[in-house]
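J.: Starting off with a structure, shown below.
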Amino acid sequence: MTTDPLDALRLPIVPVEPRPEFADALLRRIESAGGEPAGGEPAGGEPAGGEPAGGEPVTVRYFVDDLAAAVGFYCGLLGFSEEVRSAPAFAMLYRGDLRLLLSVPGLPGAGRALPDGSLPAPGGWNRIALQVTDLAATVAELRDAGTRFRGEIAAGVGVRQILLQDPSGNLVELFEPGAGYREREQRPPSG
Amino acid sequence: MTTVSVRYIVNDVGAAIEFYRGHLGFSEVMHPDPAFAMLSRGDLRLVLVAPVPADHPGGGSRPMPDGRKQEPGGWNRFMIEVPDLAAAAEALRRDGVRFRNDVVTGIGTKQVMIEDPSGNPVELFEPTRPEARLDRR
């Protein structure tokens, strides 16, 4: 089936606020539309299984009470960039290979209640973990910016880490590799 | 290459390894301690930890200084793209995997939530718009 080359340029048909970030997003789509499809299609077949080819973003969904505050937090303090915002219910942010979806409980989309009426909520202990080069300095900067932490820096096996809270109380783990830290691949840490 | 790290709290690391390997295509990177394992799937590194006492060498799942214990659950989750959500859901149901909801159609994707043995959610999604595909960028 032939696909319309302009498909790549079409943004989601949802109400969006006019902001300069969209120009960047459009440019990226234009660039990617001109190139070869990277790495081919992910292997289909076995459901939910199989190791995908590398280079695909990893998607994580967080629930937040205040979309604007969350976008400000992740983009302003943690180096995320905003790709799509469909206020007030949804935003899509990127940071390297991490795609972070922010959804607001009680609003359309992933924030809808389950069939049994239970409503998604921010919080819990599961979290994304972001590597930093100087944890103490990062924590000091973030404290200066008025962010909240849960607990103090803890030294574990191979890493030192701390739990940062976003404005809705979701956790983001910041970690700094130490002597015992192992990567899966044998390659320079800067790779 | 694993570039994105996610930590899930689980009650039983062994059962969790089996779940993520057996049903979702993760591979085990290491499992050096009963309370800790590292798995990977594409660019996702999934760190599984069981709650440990404050004096345990593993730093990621100790209680907070105020005594609060880390536990599984919540709603935040990582997501896995599948080419055919209906087929994937059917196969997982056949395997006895627990579902938190039925397939719903959202903006750009169809999605469903499953639970690991500790009750942590994992979202499976099938893009229905090209923009929602992971290789769009």
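A note on labels: chains of the structure tokens are A, B, ... as shown, every chain counts residues from 1, and ligands are counted from 1 in their shown order.
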Starting from chain B, keep only residues with some atom at most 8 Å from an atom of chain A, counting only C-alpha atoms, and report them as a ChimeraX atom specification.

T.: /B:1-9,23-26,29,41-44,57-60,64-66,70-85,87-89,91,100-101,106-108,124,129-131,134-137

J.: Tell me, as a list in words, which residues lie within 10 Å of Thr133 in chain A, counting only C-alpha atoms; anything in the same chain fewer than 6 positions away does not count.

T.: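 These residues fall inside the cut-off: Leu174, Phe175, Glu176 and Pro177 of chain A.
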
J.: Can I get the selected residues back with N, CA and C atoms, as a CSV table (one decimal), in the first residue's frame?

T.:
```
chain,number,residue,atom,x,y,z
A,174,LEU,N,17.4,9.9,40.4
A,174,LEU,CA,18.6,10.4,39.8
A,174,LEU,C,19.7,9.5,40.4
A,175,PHE,N,20.6,9.1,39.5
A,175,PHE,CA,21.7,8.2,40.0
A,175,PHE,C,23.0,8.6,39.3
A,176,GLU,N,24.0,8.3,40.1
A,176,GLU,CA,25.4,8.5,39.6
A,176,GLU,C,26.1,7.2,39.7
A,177,PRO,N,26.7,6.7,38.6
A,177,PRO,CA,27.4,5.4,38.7
A,177,PRO,C,28.6,5.6,39.5
```

J.: Could you pull out all residues of range 44-128 of chain B with a DSSP call of alpha helix (DSSP H) and give them as a list in words?

T.: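 Here is the list: Leu85, Ala86, Ala87, Ala88, Ala89, Glu90, Ala91, Leu92, Arg93 and Arg94 of chain B.
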
J.: Restrict the selected residues to C-alpha atoms and save them as a CSV table (one decimal), in the first residue's frame.

T.:
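What follows is the written file part26.csv:
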```csv
chain,number,residue,atom,x,y,z
B,85,LEU,CA,-3.0,-5.7,20.2
B,86,ALA,CA,-5.9,-8.0,20.0
B,87,ALA,CA,-3.7,-11.0,19.3
B,88,ALA,CA,-1.2,-10.0,22.0
B,89,ALA,CA,-4.0,-9.6,24.5
B,90,GLU,CA,-5.5,-12.9,23.6
B,91,ALA,CA,-2.2,-14.8,23.9
B,92,LEU,CA,-1.5,-13.2,27.3
B,93,ARG,CA,-5.0,-14.0,28.6
B,94,ARG,CA,-4.4,-17.6,27.5
```

J.: When you draw a straight line from CA of Lys69 in chain B to CA of His56 in chain B, how long is it in Å?

T.: 13.4 Å

J.: Please run DSSP on the backbone and report, as number ranges by chain, all residues within range 17-118 of chain B that come out as strand (DSSP E or B).

T.: B: 27-33, 36-41, 44-49, 77-81, 98-99, 104-105, 109-115

J.: From the options B:Met113, B:Val97, B:Ala54, B:Val49, which residue's atoms come nearest to Pro32 in chain B, counting only C-alpha atoms?

T.: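 Looking only at the distances to Pro32 in chain B, the closest residue turns out to be B:Val49.
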
J.: In Å, with one decimal, what is the gap from CA of Ile17 in chain B to CA of Pro34 in chain B?

T.: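 CA of Pro34 in chain B lies at a distance of 11.1 Å from CA of Ile17 in chain B.
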